[in-house]
Each structure stands twice: as C-alpha cells, then as structure tokens.
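Worksheet: one structure, shown below.
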Amino acid sequence: MKTSQDRILTTHTGSLPRPQSLIDVILGREKGQDIDAAAFEAATAKAVDDIVAQQVAAGIDVVSDGEMSKPSYTTYIRHRVEGIQPDPRAAEKGHDIMIGRDLLAHPDFANRRRNFSDSPFPGCVGPLKYKDRSALDRDLAHLKAAVGKSKPADVFMTAPSPGILTRFIINLHYPNEDAYVAALADMMKTEYRAIVEAGFVLQIDAPDLGSARNNQYRHLSDDEFRTKIAARNIEAINAATEGLPADRMRLHICWGNYEGPHSFDLPLLKIIDLAFKARMQAISIEAANPRHDHEWEDLKTIKIPDDKILIPGVIDSTTNFVEHPKLVAQRIGRYADIVGRERVIAGVDCGFGTAVRTDPIVADSIVWAKLKALSEGAEIASKRLWGTRAA
C-alpha cells in the first residue's frame, strides 16, 4: 500500500456517484427486468473509466471503481453466490434488523428518514458457494483498464465483511449465526484473494463493528457486543484473509452512513482495540461527522500498534456542506501528531452511494467539490508537515 512518504495521500471509502443511465439499468435488474448483459458491461466499463479519471482529476491518490456495477456494497453478492435469493421471510426479518436505537428514540426522525429496509432483503436459503467468478473478473478487468489510462498512485476495491453480510443477507438456512458467519467467511475468500491478486488494495467494509451495535444487536450491552459479536467478526475476517499480505489490505469501520442523531453510537475506544487485531495494515474510521470528530483526542490515550496506518475521514459523507480545505488540513494534522505523518492517509467518513438510489443524499456535483476540498486540504497539511509539498 502506498503511504504518505513525502506528502499526505488522499483516498475515499469506495462508493461514488453513478451515471443516471447506469442507475436505471442496475435498479431494473434488481427488480427482475431482463437486462442485456453486454450492454450492462459496456455501460459499466465506461462508467469505471470516467469515475477513475474524475478521481485523479480531483486530486485523489488512492482510487477505486466507485462500486459502479453494484446495487449496494453488500447485496451485489447475491448475483455471484449460490444459496442466496429473494425471500419474503428475509424481508420481514430484515426490516426488524434495520430498526435502530436512533429511530426508536426519535420517532419524528424515523418518519422523515428513508430507511435502507425499503429495499428487499435477499435471504440465505441454502449452502453458500461462490458459483461464478465472471462478474468479479469483469469488475477487476474494468478497473485495471481504467487505472492503466489514468495512472493513480494506488488502487483499491471494496468487499463486505462476513459480519455485515449477516445484516443484509438474512440467514434462513444455517443453524445459528456463528455457523453462518463462518460460512460467509469461507465463501468470501474467493473475492478477497482475487482483489489482492489483481494488484489492488482490498478494502473490507465492516460496519458490523460499529453501526450494527445500534440496530442488529441493539438488545445487547456494549460489552456483550464486543465479546460475542465484534471479536467473532474480527476472527472471521482474519480467517478469510489468511495468507494475504497485510500491506495490501485495509479495514473500514463506520457507524451508519446517514444524517441523524447517532447519540447511541459505540465510542471508538470501545472497538478500536479489536480492530487493531485485524490483519489489515490500515484502519479507516469516521472522524469528520459531529458525533465522532472529537475522538482524535481519545486516540491519544491508547497505544496504537506501530504497524498500523490510520485513514481518518476528514470529509463527511452525509451532508451537502463542502468542508473548507483549512478545516481538512486541521483534521489531518491532529492524526499526524498522534501516529506520525507517514502513517496517515486522508479519507472520507463513508461512501457517497453505498446503495443505488434515485435521490442521492449528497448531490453529485457536491461530491466532487468535497473530494477537491479533500485534496486541497491534504496539500495544505503536507506543506505544514513537510515544509513543502512534493510535485
């Protein structure tokens, strides 16, 4: 993984605005419409070319394919794996899982918020098996072709953690959740290894370590969640990535990509020690939204392993405010003071389109303004930390 050797590198969390024409095709496929496969791949390839070029133009160093082909960062798996299909029982269970403590505490907020559960939840209805790598291989090929043209500093691709898949693909087959997580981990090895072997950094998205505390496991105490759920899910990640180089992997933790109170969020210090046990070199955390912006001070109170890199979110992904570059630089500086400038990469709290929708939370043009502010802020921080920014 490229590190900030002579300047602060920039990245984001994976998902970026898709063109409307591709959104229409993806939503149509999810609704069961007959979609021409060749036309879909051609549209995806062009979208990936364009999105990589836009990232480089905005000053982003470590880029992704923007998750262009995927209906969401998790549920795309159902198109690649045996044992998963739509099921009304999954939809019913999924609705309950997505009821968060924020919604229970603030019914007036719940009435205003469009919940993820408006989308149908697929179910795991049989033994899991990665049945067909063709879609995965096409995604890898599209990204490889795009970065060959735009020449970014480094490239990553996202894949969901075993733990988060339990929330969005409802278990209707395995005898208990522990067995289901183990099966998911074994199945996801195919995708994790393929991404690394393609030469990309693997980012495993693990909101199950943060946001799941407030909805899926709202009935547990913080300590029960840590010991029974989070620790198990970290072990599953490590089992699924066994043999893969740590410096080609990063782990993303978040507390739910929505604008809301977040007053029940698990504090970072209650989960970060477990996250450091993951095999990944880099840890991506939310650090810009108003509920977690203060936690850089908390990190000063603990020992951060010397082999870990931090990717703090210095741009929020849920509002249409465009952060001032000087604020971005200030946020970067806080983390550089804690672990050193070489061990910080400037990131974004979460994705800008973790699920395809016709009414994006952040307007497309504002996404690019935010990413430009990120690169400008990193340039200011680099001048402060190195004296000048290398060309």
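Within each chain, counting starts at residue 1; across the structure tokens, chains are named A, B, ... in the order shown, with ligands numbered 1 upward in that order.
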
Write out as an MDAnalysis selection string each polymer residue whose atoms come within 10 Å of Pro19 (chain A), counting only C-alpha atoms; drop sequence neighbours fewer than 6 positions from it.
-> chainID A and resid 43:44 47 50:51 68 364

Would you save the residues of that selection, restricted to C-alpha atoms, as a PDB file, in the first residue's frame?
ATOM      1  CA  ALA A  43     -22.026   0.844 -19.580  1.00  0.00           C
ATOM      2  CA  THR A  44     -20.126  -0.303 -16.514  1.00  0.00           C
ATOM      3  CA  ALA A  47     -18.557   4.429 -16.010  1.00  0.00           C
ATOM      4  CA  ASP A  50     -14.899   8.011 -16.253  1.00  0.00           C
ATOM      5  CA  ILE A  51     -15.009   7.686 -12.457  1.00  0.00           C
ATOM      6  CA  MET A  68     -20.160   1.256 -10.387  1.00  0.00           C
ATOM      7  CA  ASP A 364     -23.279  14.514  -7.406  1.00  0.00           C
TER       8      ASP A 364
END

In region 127-162 of chain A, DSSP strand (DSSP E or B) residues written as an mmCIF file with C-alpha atoms, in the first residue's frame:
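Once written, states.cif looks like this:
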data_model
loop_
_atom_site.group_PDB
_atom_site.id
_atom_site.type_symbol
_atom_site.label_atom_id
_atom_site.label_comp_id
_atom_site.auth_asym_id
_atom_site.auth_seq_id
_atom_site.Cartn_x
_atom_site.Cartn_y
_atom_site.Cartn_z
ATOM 1 C CA PRO A 127 -25.372 -23.755 1.476
ATOM 2 C CA LEU A 128 -23.199 -20.839 0.359
ATOM 3 C CA LYS A 129 -20.833 -21.354 -2.549
ATOM 4 C CA TYR A 130 -19.107 -18.848 -4.814
ATOM 5 C CA ASP A 154 -2.647 3.286 -5.916
ATOM 6 C CA VAL A 155 -5.953 1.469 -6.356
ATOM 7 C CA PHE A 156 -8.398 -0.249 -4.026
ATOM 8 C CA MET A 157 -11.556 -2.293 -4.388
ATOM 9 C CA THR A 158 -14.169 -2.904 -1.723
ATOM 10 C CA ALA A 159 -15.789 -6.107 -0.482
ATOM 11 C CA PRO A 160 -18.116 -6.650 2.505
#

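Distances here use only C-alpha atoms; by that measure, the residue among A:Thr75, A:Asn176, A:Ser382, A:Asn320 closest to Val362 (chain A) is A:Asn320.
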
Restricting to only C-alpha atoms, whichever of A:Asp36, A:Asp349, A:Asp205, A:Glu376 is closest to Val314 (chain A) is A:Asp349

Sel. of helix (DSSP H, G or I) residues, region 238-326 of chain A, as a ChimeraX atom specification | /A:238-240,246-248,268-270,272-275,293-299,325-326

Which residues are close to region 291-296 of chain A, i.e. within 7 Å by only C-alpha atoms, leaving aside same-chain residues fewer than 4 positions away? Reply as a PDB file with C-alpha atoms, in the first residue's frame.
ATOM      1  CA  HIS A 262     -26.016   8.957  16.329  1.00  0.00           C
ATOM      2  CA  LEU A 268     -14.360   4.454  19.002  1.00  0.00           C
ATOM      3  CA  GLU A 286     -15.234   8.056  10.702  1.00  0.00           C
ATOM      4  CA  ALA A 287     -13.639  11.224  12.030  1.00  0.00           C
ATOM      5  CA  LYS A 300      -4.024   9.955  22.147  1.00  0.00           C
ATOM      6  CA  ARG A 334      -4.465  16.001  14.523  1.00  0.00           C
ATOM      7  CA  TYR A 335      -3.849  12.442  13.389  1.00  0.00           C
TER       8      TYR A 335
END

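Each of A:Thr11, A:Asn289, A:Thr354, A:Ser365 was compared to Arg331 (chain A) using only C-alpha atoms, and A:Asn289 turns out to be the nearest.
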
Can you pull out every residue within 12 Å of Gln85 (chain A), counting only C-alpha atoms, but drop anything in the same chain fewer than 5 positions away, and send it as a list in words?
-> Glu30, Gly32, Thr75, Tyr76, Ile77, Arg78, His79, Arg80, Ala90, Ala91, Pro120, Phe121, Pro122, Gly123, Cys124, Val125, Gly126, Pro127, Leu128, Phe168, Ile169, Ile170, Asn171, Leu172 and His173 of chain A

Determine, counting only C-alpha atoms, which protein, DNA and RNA residues have an atom within 8 Å of an atom of region 8-10 of chain A; residues of the same chain fewer than 2 positions away are not included. Present the result as a PyMOL selection string.
-> chain A and resi 3-6+12+59-62+341-342+344-347+374-375+378-379+381-382

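The residue that comes closest to Ala206 (chain A), out of A:Thr13, A:Lys270, A:Pro71, A:Ala239 and on the basis of only C-alpha atoms, is A:Thr13.
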
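Checking A:Phe276, A:Tyr174, A:Phe352, A:Trp386 one by one against Arg7 (chain A), counting only C-alpha atoms, you find the shortest gap at A:Trp386.
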
Can you list, as a PyMOL selection string, every protein, DNA or RNA residue that comes within 7 Å of region 246-261 of chain A when you count only C-alpha atoms, leaving out same-chain residues fewer than 3 positions away?
-> chain A and resi 1+102+196+201-207+209-211+265+279-286+318+350

Store the residues picked out above, limited to C-alpha atoms, as a tab-separated table (two decimals), in the first residue's frame.
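Printed below is out-v1.tsv as written:
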chain	number	residue	atom	x	y	z
A	1	MET	CA	0.00	0.00	0.00
A	102	ASP	CA	-31.87	6.37	16.90
A	196	VAL	CA	-5.31	-8.68	-3.97
A	201	VAL	CA	-5.64	-2.96	-2.21
A	202	LEU	CA	-8.51	-4.91	-0.65
A	203	GLN	CA	-10.81	-2.78	1.50
A	204	ILE	CA	-13.11	-4.84	3.69
A	205	ASP	CA	-16.18	-2.85	4.71
A	206	ALA	CA	-17.12	-3.72	8.28
A	207	PRO	CA	-19.93	-1.52	9.64
A	209	LEU	CA	-18.08	-3.41	14.09
A	210	GLY	CA	-19.80	-0.04	14.60
A	211	SER	CA	-23.31	0.61	13.34
A	265	ASP	CA	-23.02	5.16	18.69
A	279	ARG	CA	-4.68	-8.46	9.76
A	280	MET	CA	-5.05	-5.26	7.72
A	281	GLN	CA	-2.31	-2.66	7.75
A	282	ALA	CA	-4.69	0.31	7.53
A	283	ILE	CA	-7.83	1.16	9.50
A	284	SER	CA	-10.38	3.58	8.03
A	285	ILE	CA	-12.59	5.35	10.59
A	286	GLU	CA	-15.23	8.06	10.70
A	318	THR	CA	-23.89	12.59	4.70
A	350	CYS	CA	-18.13	6.61	4.32

Selected residue of minimal separation from Ile332 (chain A) among A:Asn215, A:Pro312, A:Ala145, A:Glu177, counting only C-alpha atoms = A:Pro312

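As for CA of Ile23 (chain A) and CA of Val81 (chain A), they are spaced 22.4 Å apart.
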
Straight-line distance linking CA of Lys189 (chain A) with CA of Arg138 (chain A), stated in Å to one decimal | 17.7 Å

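Across the model, the gap from CA of Ser263 (chain A) to CA of Pro290 (chain A) is 10.3 Å.
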